[in-house]
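With mmCIF, C-alpha atoms inside, this is protein27.cif:
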data_run
#
loop_
_atom_site.label_atom_id
_atom_site.label_comp_id
_atom_site.auth_asym_id
_atom_site.auth_seq_id
_atom_site.Cartn_x
_atom_site.Cartn_y
_atom_site.Cartn_z
CA MET A 847 -18.01 26.25 9.41
CA VAL A 848 -15.71 23.49 8.20
CA VAL A 849 -13.42 22.09 10.91
CA SER A 850 -10.51 19.69 10.47
CA ILE A 851 -8.50 17.97 13.20
CA ALA A 852 -5.03 16.41 13.12
CA GLN A 853 -2.10 15.76 15.41
CA PRO A 854 0.89 18.06 14.96
CA SER A 855 3.53 16.70 12.62
CA TYR A 856 7.21 17.36 11.93
CA TRP A 857 7.59 18.82 8.42
CA PRO A 858 4.13 17.48 7.43
CA TRP A 859 3.23 16.05 4.05
CA LEU A 860 1.20 17.91 1.41
CA GLY A 861 -2.12 16.34 2.38
CA TYR A 862 -1.84 17.90 5.84
CA PHE A 863 -1.78 21.41 4.37
CA ASP A 864 -4.42 20.66 1.75
CA ARG A 865 -6.88 19.63 4.46
CA ILE A 866 -6.17 22.77 6.49
CA LEU A 867 -6.57 24.85 3.33
CA LYS A 868 -10.06 23.43 2.83
CA SER A 869 -11.06 24.23 6.43
CA ASP A 870 -12.31 27.34 8.19
CA LEU A 871 -10.67 26.21 11.43
CA HIS A 872 -8.05 23.57 12.12
CA ILE A 873 -7.75 21.96 15.54
CA VAL A 874 -4.26 20.76 16.49
CA LEU A 875 -4.83 17.52 18.38
CA ASP A 876 -2.07 17.96 20.95
CA HIS A 877 -3.62 16.74 24.22
CA VAL A 878 -3.76 13.06 23.24
CA GLN A 879 -1.14 10.42 24.01
CA PHE A 880 2.02 10.34 21.91
CA GLU A 881 2.29 7.25 19.71
CA LYS A 882 5.65 5.91 18.58
CA SER A 883 6.28 5.17 14.91
CA TRP A 884 3.86 7.87 13.77
CA TYR A 885 4.49 11.25 12.13
CA ILE A 886 4.53 13.52 15.16
CA ASN A 887 8.31 13.54 15.58
CA ARG A 888 9.39 12.33 12.15
CA ASN A 889 8.73 12.52 8.43
CA ARG A 890 10.20 11.46 5.11
CA ILE A 891 12.49 13.62 3.00
CA ARG A 892 14.24 13.05 -0.29
CA CYS A 893 17.68 11.50 -0.20
CA GLY A 894 19.17 11.44 -3.70
CA GLN A 895 16.97 9.15 -5.75
CA HIS A 896 15.55 7.59 -2.59
CA TRP A 897 14.15 8.81 0.74
CA GLN A 898 14.99 8.75 4.42
CA TRP A 899 13.35 9.44 7.77
CA LEU A 900 14.12 12.70 9.56
CA THR A 901 13.35 11.92 13.21
CA ILE A 902 13.41 14.06 16.35
CA PRO A 903 14.77 11.88 19.18
CA VAL A 904 12.49 12.06 22.20
CA LYS A 905 13.03 11.38 25.87
CA THR A 906 11.87 7.80 26.30
CA LYS A 907 11.94 7.43 30.10
CA GLY A 908 8.36 7.28 31.32
CA ILE A 909 7.08 8.15 27.86
CA PHE A 910 4.09 5.80 28.03
CA GLY A 911 0.98 7.89 28.37
CA THR A 912 2.76 11.19 27.71
CA PRO A 913 0.48 13.69 25.96
CA ILE A 914 1.89 15.28 22.83
CA HIS A 915 2.04 18.76 24.31
CA GLN A 916 4.39 17.49 27.04
CA LEU A 917 6.70 15.50 24.75
CA GLN A 918 10.32 16.69 24.97
CA PRO A 919 13.17 16.22 22.49
CA ASP A 920 16.32 14.46 23.66
CA GLN A 921 18.90 17.24 23.41
CA ARG A 922 21.81 14.92 24.22
CA GLN A 923 21.87 13.75 20.59
CA ASN A 924 22.45 17.23 19.06
CA TRP A 925 19.67 16.43 16.60
CA GLN A 926 19.07 20.02 15.48
CA LEU A 927 22.47 20.47 13.85
CA LYS A 928 22.24 17.01 12.28
CA HIS A 929 18.80 17.73 10.81
CA PHE A 930 19.84 21.07 9.34
CA ARG A 931 22.92 19.54 7.75
CA THR A 932 20.84 16.67 6.37
CA LEU A 933 18.33 19.06 4.81
CA ARG A 934 21.08 21.25 3.37
CA HIS A 935 22.90 18.24 1.92
CA ASN A 936 19.77 16.86 0.27
CA TYR A 937 18.21 20.11 -0.96
CA GLN A 938 20.99 22.62 -1.56
CA ARG A 939 20.94 21.90 -5.30
CA THR A 940 17.19 22.43 -5.64
CA ALA A 941 15.85 25.60 -7.21
CA PHE A 942 14.50 27.13 -4.00
CA TRP A 943 16.74 25.96 -1.14
CA HIS A 944 18.56 29.28 -0.87
CA ASN A 945 15.22 31.11 -0.57
CA PHE A 946 14.44 29.22 2.62
CA GLU A 947 17.87 28.39 4.02
CA PRO A 948 18.00 31.42 6.38
CA ILE A 949 14.65 30.71 8.04
CA ILE A 950 15.34 26.96 8.26
CA SER A 951 18.77 27.66 9.74
CA GLU A 952 17.21 30.02 12.31
CA LEU A 953 14.66 27.37 13.25
CA TYR A 954 17.37 24.84 14.04
CA GLN A 955 19.42 27.32 16.04
CA GLN A 956 16.66 27.68 18.61
CA LYS A 957 16.63 25.47 21.70
CA TRP A 958 13.31 23.68 21.52
CA GLN A 959 11.89 22.47 24.82
CA ASP A 960 8.94 20.56 23.36
CA VAL A 961 8.28 18.59 20.19
CA ARG A 962 4.94 20.27 19.57
CA GLY A 963 6.69 23.63 19.30
CA ILE A 964 9.02 22.59 16.51
CA CYS A 965 6.20 20.73 14.72
CA LEU A 966 4.17 23.92 14.64
CA ALA A 967 7.22 25.92 13.58
CA THR A 968 7.97 23.64 10.61
CA SER A 969 4.31 23.74 9.61
CA LYS A 970 4.34 27.54 9.84
CA ILE A 971 7.24 27.81 7.39
CA VAL A 972 5.28 25.91 4.74
CA SER A 973 1.96 27.60 5.59
CA GLU A 974 3.39 31.10 5.27
CA ALA A 975 5.18 30.18 2.05
CA ILE A 976 1.91 29.18 0.36
CA GLY A 977 -0.22 31.88 1.98
CA LEU A 978 -2.25 29.53 4.16
CA LYS A 979 -4.22 31.61 6.68
CA THR A 980 -6.62 29.11 8.28
CA PRO A 981 -6.64 29.74 12.06
CA LEU A 982 -5.33 27.01 14.36
CA LEU A 983 -6.69 26.02 17.76
CA SER A 984 -5.09 23.66 20.28
CA SER A 985 -7.37 20.85 21.41
CA LEU A 986 -5.96 21.43 24.89
CA GLU A 987 -7.78 24.78 24.98
CA LEU A 988 -11.13 23.04 24.49
CA ALA A 989 -10.62 20.74 27.52
CA PRO A 990 -12.15 17.64 25.89
CA THR A 991 -13.00 14.52 27.90
CA GLU A 992 -13.97 11.96 25.25
CA LYS A 993 -11.79 9.55 23.27
CA LYS A 994 -11.46 8.38 19.65
CA GLY A 995 -14.52 9.06 17.48
CA ALA A 996 -16.47 10.59 20.34
CA LEU A 997 -13.55 12.96 20.92
CA VAL A 998 -13.73 14.21 17.33
CA LEU A 999 -17.44 14.89 17.70
CA GLU A 1000 -16.90 16.66 21.03
CA LEU A 1001 -14.23 18.93 19.55
CA CYS A 1002 -16.43 19.73 16.56
CA LYS A 1003 -19.33 20.70 18.82
CA LYS A 1004 -17.16 22.89 21.02
CA ALA A 1005 -15.66 24.59 17.96
CA GLY A 1006 -19.10 25.28 16.48
CA ALA A 1007 -18.58 23.13 13.39
CA THR A 1008 -21.29 22.64 10.80
CA HIS A 1009 -19.03 20.34 8.77
CA TYR A 1010 -16.14 18.08 9.73
CA LEU A 1011 -13.44 17.41 7.13
CA SER A 1012 -12.15 13.92 7.85
CA GLY A 1013 -9.42 11.78 6.41
CA PRO A 1014 -10.49 8.50 4.73
CA PHE A 1015 -9.72 6.40 7.83
CA GLY A 1016 -12.42 8.27 9.73
CA LYS A 1017 -14.91 5.83 8.21
CA ASP A 1018 -13.46 3.17 10.51
CA TYR A 1019 -14.07 4.92 13.84
CA LEU A 1020 -16.31 8.00 13.57
CA PRO A 1021 -19.81 7.66 15.11
CA LEU A 1022 -21.67 8.60 11.93
CA HIS A 1023 -25.15 8.56 13.46
CA ALA A 1024 -24.02 10.76 16.33
CA PHE A 1025 -22.71 13.30 13.82
CA GLU A 1026 -26.07 13.21 12.04
CA GLU A 1027 -27.90 13.80 15.31
CA ALA A 1028 -25.60 16.74 16.05
CA GLU A 1029 -26.33 18.09 12.55
CA ILE A 1030 -22.64 18.10 11.67
CA GLN A 1031 -22.01 16.89 8.13
CA ILE A 1032 -18.89 14.82 7.49
CA LEU A 1033 -16.85 15.66 4.41
CA TRP A 1034 -14.26 13.15 3.25
CA HIS A 1035 -10.77 14.31 2.34
CA ASP A 1036 -8.62 11.82 0.42
CA PHE A 1037 -5.66 13.79 -0.90
CA LYS A 1038 -3.63 12.49 -3.80
CA THR A 1039 -0.28 14.10 -4.50
CA PRO A 1040 -0.42 15.92 -7.87
CA PRO A 1041 1.66 13.94 -10.40
CA ALA A 1042 3.96 16.92 -11.00
CA LEU A 1043 4.88 16.95 -7.28
CA ALA A 1044 5.12 13.20 -6.75
CA PRO A 1045 8.49 11.39 -6.74
CA ALA A 1046 9.45 10.03 -10.15
CA ASP A 1047 9.86 6.58 -8.63
CA PRO A 1048 6.37 5.21 -7.78
CA LEU A 1049 7.91 3.07 -5.04
CA ILE A 1050 8.86 6.18 -3.04
CA PRO A 1051 6.10 6.98 -0.52
CA PRO A 1052 4.69 10.50 -0.02
CA LEU A 1053 7.36 12.90 1.23
CA SER A 1054 7.27 15.97 3.44
CA ALA A 1055 5.75 19.06 1.81
CA LEU A 1056 9.19 20.60 2.23
CA ASN A 1057 10.33 18.50 -0.71
CA ALA A 1058 7.82 20.11 -3.08
CA LEU A 1059 8.52 23.55 -1.65
CA MET A 1060 12.22 23.19 -2.39
CA GLU A 1061 11.63 21.97 -5.92
CA VAL A 1062 8.79 24.17 -7.23
CA GLY A 1063 8.72 27.12 -4.82
CA SER A 1064 5.95 28.96 -2.98
CA ASN A 1065 3.84 30.24 -5.85
CA GLU A 1066 3.68 27.04 -7.86
CA LEU A 1067 3.04 24.90 -4.78
CA ALA A 1068 0.19 27.19 -3.74
CA GLN A 1069 -1.33 26.86 -7.21
CA TYR A 1070 -1.18 23.06 -7.09
CA LEU A 1071 -2.93 22.95 -3.71
CA ARG A 1072 -5.69 25.23 -4.96
CA VAL A 1073 -6.47 23.27 -8.13
CA ASN A 1074 -9.59 21.79 -6.54
CA PRO A 1075 -10.81 24.38 -4.02
CA ARG A 1076 -13.70 23.55 -1.70
#
Starting from the file, give its structure as structure tokens.
Amino acid sequence: MVVSIAQPSYWPWLGYFDRILKSDLHIVLDHVQFEKSWYINRNRIRCGQHWQWLTIPVKTKGIFGTPIHQLQPDQRQNWQLKHFRTLRHNYQRTAFWHNFEPIISELYQQKWQDVRGICLATSKIVSEAIGLKTPLLSSLELAPTEKKGALVLELCKKAGATHYLSGPFGKDYLPLHAFEEAEIQILWHDFKTPPALAPADPLIPPLSALNALMEVGSNELAQYLRVNPR
């Protein structure tokens, strides 16, 4: 069984879904400490010929050490209405915005009490659009005790993994010999955005998968992500 692990992300990028697609089980790493300036509560979207961050404001008081599953959005900033209007402004002229506008509008009308919840909801919109059916499991449910590379190995063991699908940075911290001893093979996943889905300007960094979904639609996006199946 191939297992992948990643923290939840707000409107994740294409590589996030491609890794899940190539897995038999995906573990949502939501019990670990929230890190600022990462992709848990923000991601990049298109803005004209450029890009911009779309960021969920979070409650900062006492945030140090807060696990992701307890992270709360700061509702005083009325961020939900602002985010919906930003998405509508930037994508309403794309070919597929009107296909998804109702469900995106409904998402932003809900009162979210935790950041993890809206991360999973944005991921679900993209996953359902491309027919992604890989089951998800919260790391919190596995009650892990280890940290960093040892944590990954512990989660794999508890999930019954035979293979672990890791991002390229795993080479810097995974205990490779310990994985060998546990008879869990590491597979390396280094996703490159298909040229047809990449921004025309090479200086623009990878964008949220929402960008591709708005421009090419569900069927074509699903085909691109299945070009090189496992």
Apply the PyMOL selection byres ((chain A and resi 874-887) around 8) to the structure shown and report the selected residues as an mmCIF file with C-alpha atoms, in the coordinates of the input.
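Once written, out-v5.cif looks like this:
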data_model
loop_
_atom_site.group_PDB
_atom_site.id
_atom_site.type_symbol
_atom_site.label_atom_id
_atom_site.label_comp_id
_atom_site.auth_asym_id
_atom_site.auth_seq_id
_atom_site.Cartn_x
_atom_site.Cartn_y
_atom_site.Cartn_z
ATOM 1 C CA ILE A 851 -8.500 17.970 13.200
ATOM 2 C CA ALA A 852 -5.030 16.410 13.120
ATOM 3 C CA GLN A 853 -2.100 15.760 15.410
ATOM 4 C CA PRO A 854 0.890 18.060 14.960
ATOM 5 C CA SER A 855 3.530 16.700 12.620
ATOM 6 C CA TYR A 856 7.210 17.360 11.930
ATOM 7 C CA PRO A 858 4.130 17.480 7.430
ATOM 8 C CA HIS A 872 -8.050 23.570 12.120
ATOM 9 C CA ILE A 873 -7.750 21.960 15.540
ATOM 10 C CA ARG A 888 9.390 12.330 12.150
ATOM 11 C CA ASN A 889 8.730 12.520 8.430
ATOM 12 C CA THR A 901 13.350 11.920 13.210
ATOM 13 C CA ILE A 902 13.410 14.060 16.350
ATOM 14 C CA PRO A 903 14.770 11.880 19.180
ATOM 15 C CA VAL A 904 12.490 12.060 22.200
ATOM 16 C CA PHE A 910 4.090 5.800 28.030
ATOM 17 C CA GLY A 911 0.980 7.890 28.370
ATOM 18 C CA THR A 912 2.760 11.190 27.710
ATOM 19 C CA PRO A 913 0.480 13.690 25.960
ATOM 20 C CA ILE A 914 1.890 15.280 22.830
ATOM 21 C CA HIS A 915 2.040 18.760 24.310
ATOM 22 C CA LEU A 917 6.700 15.500 24.750
ATOM 23 C CA VAL A 961 8.280 18.590 20.190
ATOM 24 C CA ARG A 962 4.940 20.270 19.570
ATOM 25 C CA CYS A 965 6.200 20.730 14.720
ATOM 26 C CA LEU A 982 -5.330 27.010 14.360
ATOM 27 C CA LEU A 983 -6.690 26.020 17.760
ATOM 28 C CA SER A 984 -5.090 23.660 20.280
ATOM 29 C CA SER A 985 -7.370 20.850 21.410
ATOM 30 C CA LEU A 986 -5.960 21.430 24.890
#
Q: Do a neighbour search on Glu1026 (chain A) at 12 Å with only C-alpha atoms, toss out local chain neighbours closer than 3 positions, and write the hits as a list in words.
A: Leu999, Thr1008, His1009, Tyr1010, Leu1020, Pro1021, Leu1022, His1023, Glu1029, Ile1030, Gln1031 and Ile1032 of chain A
Q) At a cut-off of 8 Å from (17.7, 14.3, 0.7) in the coordinates of the file, what residues are picked up using all atoms listed in the file, written as a list in words? A) Ile891, Arg892, Cys893, Gly894, His896, Trp897, Gln898, Thr932, Leu933, His935, Asn936 and Tyr937 of chain A
Q: Have a look at CA of Tyr862 (chain A) and CA of Glu952 (chain A) and let me know their distance in Å, one decimal.
A: 23.5 Å
Q. Can you list, as an MDAnalysis selection string, the residues that the PyMOL selection byres ((chain A and resi 945) around 12) selects here?
A. chainID A and resid 937:944 946:951 971 975 1059:1064
At most 12 Å is the cut-off: for each residue in region 950-1028 of chain A with any atom that close to an atom of region 1039-1055 of chain A, write down the nearest atom pair and the distance in Å rounded to one decimal, counting only C-alpha atoms, chain first then increasing number, as a Markdown table.
| residue | atom | partner | partner_atom | distance |
| --- | --- | --- | --- | --- |
| A:Thr968 | CA | A:Ala1055 | CA | 10.2 |
| A:Ser969 | CA | A:Ala1055 | CA | 9.2 |
| A:Lys970 | CA | A:Ala1055 | CA | 11.8 |
| A:Ile971 | CA | A:Ala1055 | CA | 10.5 |
| A:Val972 | CA | A:Ala1055 | CA | 7.5 |
| A:Ser973 | CA | A:Ala1055 | CA | 10.1 |
| A:Ala975 | CA | A:Ala1055 | CA | 11.1 |
| A:Ile976 | CA | A:Ala1055 | CA | 10.9 |
Q) At most 9 Å from (-13.4, 24.7, 25.8), file frame, only C-alpha atoms: which residues, as a ChimeraX atom specification? A) /A:985-990,1001,1004-1005
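Against the coordinates shown, the PyMOL selection byres ((chain A and resi 927) around 12) returns Ile902, Gln921, Arg922, Gln923, Asn924, Trp925, Gln926, Lys928, His929, Phe930, Arg931, Thr932, Leu933, Arg934, Ile950, Ser951, Glu952, Leu953, Tyr954, Gln955, Gln956 and Lys957 of chain A.
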